$ cat upload-v6.txt   # compact mmCIF, C-alpha atoms
# COMPACT_ATOMS: atom_id res chain seq x y z
CA MET A 1 0.00 0.00 0.00
CA ALA A 2 1.36 3.37 -0.99
CA THR A 3 1.81 5.75 1.93
CA LYS A 4 -0.04 9.02 1.86
CA ASN A 5 2.02 12.18 1.47
CA ARG A 6 2.03 14.71 4.28
CA LEU A 7 2.86 18.37 4.43
CA TYR A 8 6.13 19.12 6.23
CA GLU A 9 7.81 22.33 7.28
CA GLY A 10 11.56 22.53 6.75
CA MET A 11 13.93 25.20 8.00
CA PHE A 12 17.37 25.16 6.38
CA VAL A 13 20.37 27.11 7.68
CA MET A 14 22.95 28.10 5.07
CA PRO A 15 26.00 30.39 5.22
CA GLN A 16 25.08 33.95 4.32
CA THR A 17 28.05 34.30 1.97
CA LEU A 18 26.76 31.43 -0.12
CA VAL A 19 23.17 32.63 -0.49
CA ARG A 20 23.51 36.41 -0.51
CA GLU A 21 24.94 36.69 -4.02
CA ASP A 22 22.68 34.13 -5.62
CA LYS A 23 19.53 33.20 -3.76
CA GLU A 24 18.49 30.70 -6.40
CA ALA A 25 21.73 28.74 -6.01
CA GLY A 26 20.86 28.11 -2.38
CA PHE A 27 17.31 27.13 -3.26
CA GLU A 28 18.61 24.76 -5.90
CA ILE A 29 20.75 22.84 -3.37
CA ILE A 30 17.71 22.27 -1.16
CA ARG A 31 15.49 21.44 -4.11
CA SER A 32 17.94 18.84 -5.39
CA VAL A 33 17.97 17.09 -1.99
CA LEU A 34 14.17 17.09 -1.72
CA SER A 35 13.49 16.06 -5.31
CA LYS A 36 15.82 13.08 -4.85
CA TYR A 37 13.14 11.56 -2.64
CA ASP A 38 10.09 12.69 -4.67
CA ALA A 39 9.15 15.52 -2.33
CA GLN A 40 7.03 18.23 -3.94
CA VAL A 41 8.07 21.70 -2.86
CA GLU A 42 5.02 23.90 -2.21
CA TYR A 43 6.76 26.97 -0.84
CA MET A 44 10.35 28.15 -0.53
CA ASP A 45 11.64 31.54 0.49
CA VAL A 46 14.23 33.28 2.62
CA TRP A 47 12.83 33.63 6.15
CA GLN A 48 15.55 35.72 7.78
CA GLU A 49 19.19 36.70 7.51
CA ARG A 50 20.73 36.87 10.95
CA ALA A 51 23.79 36.30 13.10
CA LEU A 52 23.93 32.84 14.61
CA ALA A 53 23.71 32.59 18.39
CA TYR A 54 26.85 30.44 18.25
CA GLU A 55 29.34 29.53 15.54
CA ILE A 56 28.57 26.52 13.39
CA ASN A 57 31.47 25.23 11.24
CA HIS A 58 33.25 28.59 11.71
CA VAL A 59 30.25 30.39 10.17
CA ARG A 60 28.85 33.39 12.07
CA ASN A 61 26.12 34.75 9.81
CA ALA A 62 23.47 32.59 8.27
CA THR A 63 20.44 32.70 6.01
CA TYR A 64 17.34 30.81 7.09
CA ILE A 65 15.28 29.29 4.31
CA LEU A 66 11.73 28.22 5.09
CA THR A 67 10.14 25.53 2.96
CA TYR A 68 6.90 23.60 2.89
CA PHE A 69 6.83 20.33 1.00
CA ASN A 70 4.74 17.23 0.53
CA ALA A 71 6.52 13.95 1.13
CA ALA A 72 5.95 10.41 2.30
CA PRO A 73 6.70 9.99 6.02
CA SER A 74 9.14 7.17 5.29
CA VAL A 75 11.55 9.40 3.33
CA ILE A 76 12.00 12.06 6.02
CA SER A 77 14.78 10.17 7.77
CA LYS A 78 16.50 9.69 4.41
CA ILE A 79 16.24 13.40 3.63
CA GLU A 80 17.72 14.23 7.04
CA ARG A 81 20.61 11.83 6.44
CA THR A 82 21.35 13.39 3.04
CA ILE A 83 21.25 16.89 4.54
CA ARG A 84 23.77 15.85 7.18
CA ILE A 85 26.34 15.01 4.53
CA THR A 86 25.63 18.09 2.42
CA ASP A 87 28.37 20.62 3.20
CA GLU A 88 26.43 23.73 2.15
CA ILE A 89 23.60 23.16 4.65
CA LEU A 90 24.72 23.93 8.22
CA ARG A 91 21.58 22.80 10.02
CA ALA A 92 18.10 21.72 9.04
CA LEU A 93 14.92 21.04 10.94
CA ILE A 94 11.98 19.17 9.48
CA VAL A 95 8.78 19.27 11.54
CA LEU A 96 5.06 18.90 11.04
CA PRO A 97 3.31 22.27 10.82
CA SER A 98 1.11 23.24 13.76
CA LYS A 99 -2.45 21.88 13.86
CA GLY A 100 -4.86 23.44 11.42
CA PHE A 101 -2.09 25.01 9.33
CA GLU A 102 -2.82 25.65 5.67
CA LEU A 103 -0.52 26.95 2.99
CA SER A 104 -2.93 29.79 2.29
CA GLU A 105 -2.15 31.09 5.77
CA LEU A 106 1.47 31.76 4.84
CA ASN A 107 0.92 35.47 4.27
CA LYS A 108 -0.59 35.68 7.73
CA ILE A 109 2.56 34.15 9.23
CA GLU A 110 4.72 36.72 7.48
CA GLU A 111 2.57 39.49 8.89
CA GLU A 112 2.90 38.02 12.36
CA THR A 113 6.67 37.82 12.07
CA ASN A 114 6.81 41.42 10.90
CA SER A 115 4.53 42.62 13.64
CA GLU A 116 6.79 40.87 16.14
CA ASN A 117 9.27 43.62 15.44
CA ASN A 118 6.56 46.12 16.14
CA ALA A 119 7.46 47.89 19.37
CA GLU A 120 3.92 48.10 20.59
CA GLU A 121 3.21 44.43 20.52
CA SER A 122 6.54 43.44 22.07
CA LYS A 123 5.89 45.97 24.82
CA GLU A 124 2.49 44.47 25.45
CA VAL A 125 3.96 41.00 25.80
CA LYS A 126 6.79 42.28 27.98
CA ASP A 127 4.33 43.98 30.29
CA THR A 128 2.35 40.81 30.82
CA VAL A 129 5.51 38.77 31.43
CA GLU A 130 6.67 41.29 34.00
CA GLU A 131 3.28 41.36 35.63
CA VAL A 132 3.47 37.64 36.14
CA LYS A 133 7.01 37.71 37.49
CA VAL A 134 6.12 40.21 40.25
CA MET B 1 1.29 34.32 60.63
CA LYS B 2 -0.15 33.18 57.40
CA SER B 3 1.83 30.38 55.83
CA LYS B 4 3.19 31.03 52.35
CA PHE B 5 1.48 27.86 51.19
CA ASN B 6 -1.90 29.40 51.94
CA LYS B 7 -1.25 32.30 49.59
CA LYS B 8 -3.60 32.42 46.68
CA ARG B 9 -1.60 31.41 43.67
CA ARG B 10 -1.96 33.63 40.64
CA ARG B 11 -3.32 31.52 37.83
CA ILE B 12 -3.17 32.58 34.23
CA GLU B 13 -5.73 31.06 31.97
CA PRO B 14 -4.41 29.44 28.78
CA GLU B 15 -6.80 31.51 26.68
CA LEU B 16 -5.24 34.67 28.03
CA THR B 17 -1.70 33.64 27.23
CA ARG B 18 -2.71 32.46 23.80
CA ARG B 19 -3.99 35.92 23.00
CA PHE B 20 -0.48 37.27 23.39
CA ILE B 21 1.60 34.39 22.12
CA GLY B 22 -0.67 32.56 19.68
CA ASP B 23 0.74 29.19 18.72
CA ILE B 24 4.05 28.69 20.48
CA ASP B 25 6.53 28.23 17.69
CA TYR B 26 10.34 28.10 17.32
CA LYS B 27 10.16 30.93 14.77
CA LYS B 28 8.96 33.51 17.31
CA VAL B 29 12.46 34.21 18.55
CA LYS B 30 11.72 37.44 20.39
CA ILE B 31 9.17 35.76 22.62
CA LEU B 32 11.45 32.78 23.22
CA GLU B 33 14.30 35.07 24.26
CA LYS B 34 12.07 36.55 26.95
CA SER B 35 11.27 33.16 28.40
CA ILE B 36 14.89 32.17 29.05
CA MET B 37 17.27 33.34 31.77
CA PRO B 38 20.50 35.24 30.97
CA ASN B 39 22.41 31.96 31.33
CA GLY B 40 20.18 30.25 28.79
CA LYS B 41 17.96 28.21 31.09
CA LEU B 42 14.21 28.17 30.67
CA PHE B 43 12.09 30.03 33.21
CA SER B 44 9.54 28.00 35.14
CA GLY B 45 5.97 27.82 33.94
CA LYS B 46 4.88 29.88 36.89
CA LYS B 47 7.28 32.70 36.03
CA ASN B 48 6.38 32.56 32.35
CA GLY B 49 2.70 32.68 33.28
CA LEU B 50 1.88 29.62 31.22
CA CYS B 51 -0.22 26.58 31.92
CA ALA B 52 1.47 23.18 31.89
CA LYS B 53 0.44 22.44 28.31
CA ASN B 54 1.80 25.71 26.93
CA GLN B 55 4.99 25.40 28.99
CA ARG B 56 5.66 22.00 27.42
CA GLN B 57 5.14 23.50 23.96
CA LEU B 58 7.50 26.33 24.88
CA ALA B 59 10.19 23.88 26.01
CA ILE B 60 10.03 22.10 22.65
CA ALA B 61 10.14 25.43 20.78
CA VAL B 62 13.21 26.57 22.76
CA LYS B 63 15.05 23.31 22.06
CA ARG B 64 14.32 23.60 18.33
CA ALA B 65 15.45 27.23 18.25
CA ARG B 66 18.68 26.31 20.07
CA TYR B 67 19.47 23.61 17.53
CA LEU B 68 19.01 26.07 14.65
CA GLY B 69 21.29 28.67 16.27
CA LEU B 70 18.47 31.16 16.84
CA ILE B 71 19.02 31.30 20.60
CA PRO B 72 22.10 30.16 22.55
CA TYR B 73 22.46 26.98 24.57
CA ILE B 74 24.46 28.82 27.24
CA GLY B 75 24.66 32.55 27.98
CA THR B 76 23.27 35.50 26.08
CA THR B 77 23.22 36.09 22.34
CA ARG B 78 26.40 37.46 20.74
CA LYS B 79 26.28 41.15 19.94
CA ASP B 80 28.62 41.65 16.97

$ encode --input "upload-v6.txt" --output "structure tokens"
Amino acid sequence: MATKNRLYEGMFVMPQTLVREDKEAGFEIIRSVLSKYDAQVEYMDVWQERALAYEINHVRNATYILTYFNAAPSVISKIERTIRITDEILRALIVLPSKGFELSELNKIEEETNSENNAEESKEVKDTVEEVKV
Amino acid sequence: MKSKFNKKRRRIEPELTRRFIGDIDYKKVKILEKSIMPNGKLFSGKKNGLCAKNQRQLAIAVKRARYLGLIPYIGTTRKD
């Protein structure tokens, strides 16, 4: 019996120097790994460019690439193993999206991430955290 | 003297916390940074004002964010 494909969320960490000049080159590396195991990429874009909290393979600045893809559950471990031996990818995390997630909600997520930087909202959260700590 | 164990414990309803945090996710780095101590340890559920279920979700989110290099395992984030 053929296993049913599921939607997975993948976050890939790549060195900033590699992706900054040519974004597509970075995407292509990830795509080649995923397509090897018949995973259909639904969404792929740069999530953030930021300094790493700690050095990984002597790399300090990284680009985070967020992807959503459909794949059979049995190939996830194989994808992870292939990623581990791919030099260009520093770290990768493949998880199931949160309950009730739909690809059409992606724009909403981007808005949320942007509004996180909004001072007002962060202040609101901070206030509640402080209130609790007292 | 009133024993400290008799003090009414402040309870935060999960609905209330969800209004501020939404789904607890490893991508919400700013919120995660607020829920860890300067040495990198996770604050208790009581201090974070979360119910047990949300605190467990937060612990998973923090561990995922650490693995991806979004927040440090030990100490504060580098500033350079």

$ interface_residues --input "upload-v6.txt" --of "chain B" --to "chain A" --cutoff "6 Å" --atoms "all atoms listed in the file" --output "PyMOL selection string"
chain B and resi 47+49+69-72+77

$ atom_distance --input "upload-v6.txt" --atom1 "CA of Glu28 in chain A" --atom2 "CA of Asp87 in chain A"
14.0 Å

$ residues_near_point --input "upload-v6.txt" --point "(21.0, 16.9, -2.2)" --cutoff "12 Å" --atoms "all atoms listed in the file" --output "number ranges by chain"
A: 26-39, 78-89

$ write_last_selection --input "upload-v6.txt" --atoms "C-alpha atoms" --output "tab-separated table (two decimals), keeping the file's coordinate frame"
chain	number	residue	atom	x	y	z
A	26	GLY	CA	20.86	28.11	-2.38
A	27	PHE	CA	17.31	27.13	-3.26
A	28	GLU	CA	18.61	24.76	-5.90
A	29	ILE	CA	20.75	22.84	-3.37
A	30	ILE	CA	17.71	22.27	-1.16
A	31	ARG	CA	15.49	21.44	-4.11
A	32	SER	CA	17.94	18.84	-5.39
A	33	VAL	CA	17.97	17.09	-1.99
A	34	LEU	CA	14.17	17.09	-1.72
A	35	SER	CA	13.49	16.06	-5.31
A	36	LYS	CA	15.82	13.08	-4.85
A	37	TYR	CA	13.14	11.56	-2.64
A	38	ASP	CA	10.09	12.69	-4.67
A	39	ALA	CA	9.15	15.52	-2.33
A	78	LYS	CA	16.50	9.69	4.41
A	79	ILE	CA	16.24	13.40	3.63
A	80	GLU	CA	17.72	14.23	7.04
A	81	ARG	CA	20.61	11.83	6.44
A	82	THR	CA	21.35	13.39	3.04
A	83	ILE	CA	21.25	16.89	4.54
A	84	ARG	CA	23.77	15.85	7.18
A	85	ILE	CA	26.34	15.01	4.53
A	86	THR	CA	25.63	18.09	2.42
A	87	ASP	CA	28.37	20.62	3.20
A	88	GLU	CA	26.43	23.73	2.15
A	89	ILE	CA	23.60	23.16	4.65

$ axis_aligned_box --input "upload-v6.txt" --around "range 96-108 of chain A" --padding-each-side "3 Å" --output "lines of an AutoDock Vina configuration file"
center_x = 0.1
center_y = 27.3
center_z = 8.1
size_x = 15.9
size_y = 22.8
size_z = 17.6

$ residues_around --input "upload-v6.txt" --residues "range 56-58 of chain B" --least-positions-apart "5" --cutoff "9 Å" --atoms "all atoms listed in the file" --output "PDB file with C-alpha atoms, in the coordinates of the input"
ATOM      1  CA  ASP B  23       0.740  29.190  18.720  1.00  0.00           C
ATOM      2  CA  ILE B  24       4.050  28.690  20.480  1.00  0.00           C
ATOM      3  CA  ASP B  25       6.530  28.230  17.690  1.00  0.00           C
ATOM      4  CA  TYR B  26      10.340  28.100  17.320  1.00  0.00           C
ATOM      5  CA  LEU B  32      11.450  32.780  23.220  1.00  0.00           C
ATOM      6  CA  SER B  35      11.270  33.160  28.400  1.00  0.00           C
ATOM      7  CA  GLY B  45       5.970  27.820  33.940  1.00  0.00           C
ATOM      8  CA  CYS B  51      -0.220  26.580  31.920  1.00  0.00           C
ATOM      9  CA  LYS B  63      15.050  23.310  22.060  1.00  0.00           C
TER      10      LYS B  63
END

$ atom_distance --input "upload-v6.txt" --atom1 "CA of Ile31 in chain B" --atom2 "CA of Ala61 in chain B"
10.5 Å

$ atom_distance --input "upload-v6.txt" --atom1 "CA of Val75 in chain A" --atom2 "CA of Asn5 in chain A"
10.1 Å

$ residues_around --input "upload-v6.txt" --residues "Glu9 in chain A" --least-positions-apart "5" --cutoff "7 Å" --atoms "only C-alpha atoms" --output "JSON, numbers by chain"
{"A": [67, 68, 69, 94, 95, 96, 97]}

$ build_atoms --input "upload-v6.txt" --residues "range 33-65 of chain B" --atoms "N, CA and C atoms" --output "PDB file, keeping the file's coordinate frame"
ATOM      1  N   GLU B  33      13.193  34.447  23.531  1.00  0.00           N
ATOM      2  CA  GLU B  33      14.300  35.070  24.260  1.00  0.00           C
ATOM      3  C   GLU B  33      13.855  35.601  25.613  1.00  0.00           C
ATOM      4  N   LYS B  34      12.586  36.008  25.688  1.00  0.00           N
ATOM      5  CA  LYS B  34      12.070  36.550  26.950  1.00  0.00           C
ATOM      6  C   LYS B  34      11.780  35.458  27.963  1.00  0.00           C
ATOM      7  N   SER B  35      11.622  34.241  27.482  1.00  0.00           N
ATOM      8  CA  SER B  35      11.270  33.160  28.400  1.00  0.00           C
ATOM      9  C   SER B  35      12.483  32.371  28.877  1.00  0.00           C
ATOM     10  N   ILE B  36      13.697  32.843  28.532  1.00  0.00           N
ATOM     11  CA  ILE B  36      14.890  32.170  29.050  1.00  0.00           C
ATOM     12  C   ILE B  36      15.712  33.126  29.913  1.00  0.00           C
ATOM     13  N   MET B  37      16.447  32.541  30.853  1.00  0.00           N
ATOM     14  CA  MET B  37      17.270  33.340  31.770  1.00  0.00           C
ATOM     15  C   MET B  37      18.530  33.811  31.036  1.00  0.00           C
ATOM     16  N   PRO B  38      19.274  34.786  31.615  1.00  0.00           N
ATOM     17  CA  PRO B  38      20.500  35.240  30.970  1.00  0.00           C
ATOM     18  C   PRO B  38      21.521  34.120  30.733  1.00  0.00           C
ATOM     19  N   ASN B  39      21.465  33.065  31.549  1.00  0.00           N
ATOM     20  CA  ASN B  39      22.410  31.960  31.330  1.00  0.00           C
ATOM     21  C   ASN B  39      21.888  30.927  30.335  1.00  0.00           C
ATOM     22  N   GLY B  40      20.694  31.140  29.829  1.00  0.00           N
ATOM     23  CA  GLY B  40      20.180  30.250  28.790  1.00  0.00           C
ATOM     24  C   GLY B  40      19.144  29.251  29.256  1.00  0.00           C
ATOM     25  N   LYS B  41      18.943  29.168  30.580  1.00  0.00           N
ATOM     26  CA  LYS B  41      17.960  28.210  31.090  1.00  0.00           C
ATOM     27  C   LYS B  41      16.530  28.734  30.903  1.00  0.00           C
ATOM     28  N   LEU B  42      15.615  27.801  30.856  1.00  0.00           N
ATOM     29  CA  LEU B  42      14.210  28.170  30.670  1.00  0.00           C
ATOM     30  C   LEU B  42      13.581  28.558  32.004  1.00  0.00           C
ATOM     31  N   PHE B  43      12.822  29.635  32.004  1.00  0.00           N
ATOM     32  CA  PHE B  43      12.090  30.030  33.210  1.00  0.00           C
ATOM     33  C   PHE B  43      11.000  29.000  33.514  1.00  0.00           C
ATOM     34  N   SER B  44      10.587  28.945  34.760  1.00  0.00           N
ATOM     35  CA  SER B  44       9.540  28.000  35.140  1.00  0.00           C
ATOM     36  C   SER B  44       8.197  28.440  34.541  1.00  0.00           C
ATOM     37  N   GLY B  45       7.277  27.509  34.493  1.00  0.00           N
ATOM     38  CA  GLY B  45       5.970  27.820  33.940  1.00  0.00           C
ATOM     39  C   GLY B  45       5.259  28.893  34.740  1.00  0.00           C
ATOM     40  N   LYS B  46       5.505  28.883  36.024  1.00  0.00           N
ATOM     41  CA  LYS B  46       4.880  29.880  36.890  1.00  0.00           C
ATOM     42  C   LYS B  46       5.381  31.286  36.552  1.00  0.00           C
ATOM     43  N   LYS B  47       6.702  31.389  36.349  1.00  0.00           N
ATOM     44  CA  LYS B  47       7.280  32.700  36.030  1.00  0.00           C
ATOM     45  C   LYS B  47       6.894  33.149  34.628  1.00  0.00           C
ATOM     46  N   ASN B  48       6.780  32.200  33.718  1.00  0.00           N
ATOM     47  CA  ASN B  48       6.380  32.560  32.350  1.00  0.00           C
ATOM     48  C   ASN B  48       4.887  32.842  32.258  1.00  0.00           C
ATOM     49  N   GLY B  49       4.144  32.455  33.286  1.00  0.00           N
ATOM     50  CA  GLY B  49       2.700  32.680  33.280  1.00  0.00           C
ATOM     51  C   GLY B  49       1.973  31.762  32.329  1.00  0.00           C
ATOM     52  N   LEU B  50       2.487  30.553  32.159  1.00  0.00           N
ATOM     53  CA  LEU B  50       1.880  29.620  31.220  1.00  0.00           C
ATOM     54  C   LEU B  50       1.305  28.418  31.961  1.00  0.00           C
ATOM     55  N   CYS B  51       0.298  27.813  31.366  1.00  0.00           N
ATOM     56  CA  CYS B  51      -0.220  26.580  31.920  1.00  0.00           C
ATOM     57  C   CYS B  51       0.726  25.444  31.522  1.00  0.00           C
ATOM     58  N   ALA B  52       0.536  24.284  32.100  1.00  0.00           N
ATOM     59  CA  ALA B  52       1.470  23.180  31.890  1.00  0.00           C
ATOM     60  C   ALA B  52       1.590  22.806  30.410  1.00  0.00           C
ATOM     61  N   LYS B  53       0.440  22.826  29.723  1.00  0.00           N
ATOM     62  CA  LYS B  53       0.440  22.440  28.310  1.00  0.00           C
ATOM     63  C   LYS B  53       1.281  23.409  27.471  1.00  0.00           C
ATOM     64  N   ASN B  54       1.055  24.714  27.695  1.00  0.00           N
ATOM     65  CA  ASN B  54       1.800  25.710  26.930  1.00  0.00           C
ATOM     66  C   ASN B  54       3.279  25.716  27.295  1.00  0.00           C
ATOM     67  N   GLN B  55       3.586  25.437  28.555  1.00  0.00           N
ATOM     68  CA  GLN B  55       4.990  25.400  28.990  1.00  0.00           C
ATOM     69  C   GLN B  55       5.723  24.249  28.295  1.00  0.00           C
ATOM     70  N   ARG B  56       5.043  23.135  28.124  1.00  0.00           N
ATOM     71  CA  ARG B  56       5.660  22.000  27.420  1.00  0.00           C
ATOM     72  C   ARG B  56       5.930  22.363  25.957  1.00  0.00           C
ATOM     73  N   GLN B  57       4.952  23.059  25.350  1.00  0.00           N
ATOM     74  CA  GLN B  57       5.140  23.500  23.960  1.00  0.00           C
ATOM     75  C   GLN B  57       6.313  24.476  23.853  1.00  0.00           C
ATOM     76  N   LEU B  58       6.419  25.337  24.857  1.00  0.00           N
ATOM     77  CA  LEU B  58       7.500  26.330  24.880  1.00  0.00           C
ATOM     78  C   LEU B  58       8.856  25.634  24.984  1.00  0.00           C
ATOM     79  N   ALA B  59       8.930  24.601  25.832  1.00  0.00           N
ATOM     80  CA  ALA B  59      10.190  23.880  26.010  1.00  0.00           C
ATOM     81  C   ALA B  59      10.644  23.251  24.696  1.00  0.00           C
ATOM     82  N   ILE B  60       9.692  22.708  23.946  1.00  0.00           N
ATOM     83  CA  ILE B  60      10.030  22.100  22.650  1.00  0.00           C
ATOM     84  C   ILE B  60      10.507  23.194  21.686  1.00  0.00           C
ATOM     85  N   ALA B  61       9.787  24.326  21.688  1.00  0.00           N
ATOM     86  CA  ALA B  61      10.140  25.430  20.780  1.00  0.00           C
ATOM     87  C   ALA B  61      11.549  25.946  21.074  1.00  0.00           C
ATOM     88  N   VAL B  62      11.880  26.065  22.371  1.00  0.00           N
ATOM     89  CA  VAL B  62      13.210  26.570  22.760  1.00  0.00           C
ATOM     90  C   VAL B  62      14.293  25.604  22.297  1.00  0.00           C
ATOM     91  N   LYS B  63      14.045  24.309  22.446  1.00  0.00           N
ATOM     92  CA  LYS B  63      15.050  23.310  22.060  1.00  0.00           C
ATOM     93  C   LYS B  63      15.269  23.323  20.540  1.00  0.00           C
ATOM     94  N   ARG B  64      14.196  23.521  19.792  1.00  0.00           N
ATOM     95  CA  ARG B  64      14.320  23.600  18.330  1.00  0.00           C
ATOM     96  C   ARG B  64      15.093  24.851  17.924  1.00  0.00           C
ATOM     97  N   ALA B  65      14.781  25.966  18.578  1.00  0.00           N
ATOM     98  CA  ALA B  65      15.450  27.230  18.250  1.00  0.00           C
ATOM     99  C   ALA B  65      16.935  27.163  18.605  1.00  0.00           C
TER     100      ALA B  65
END
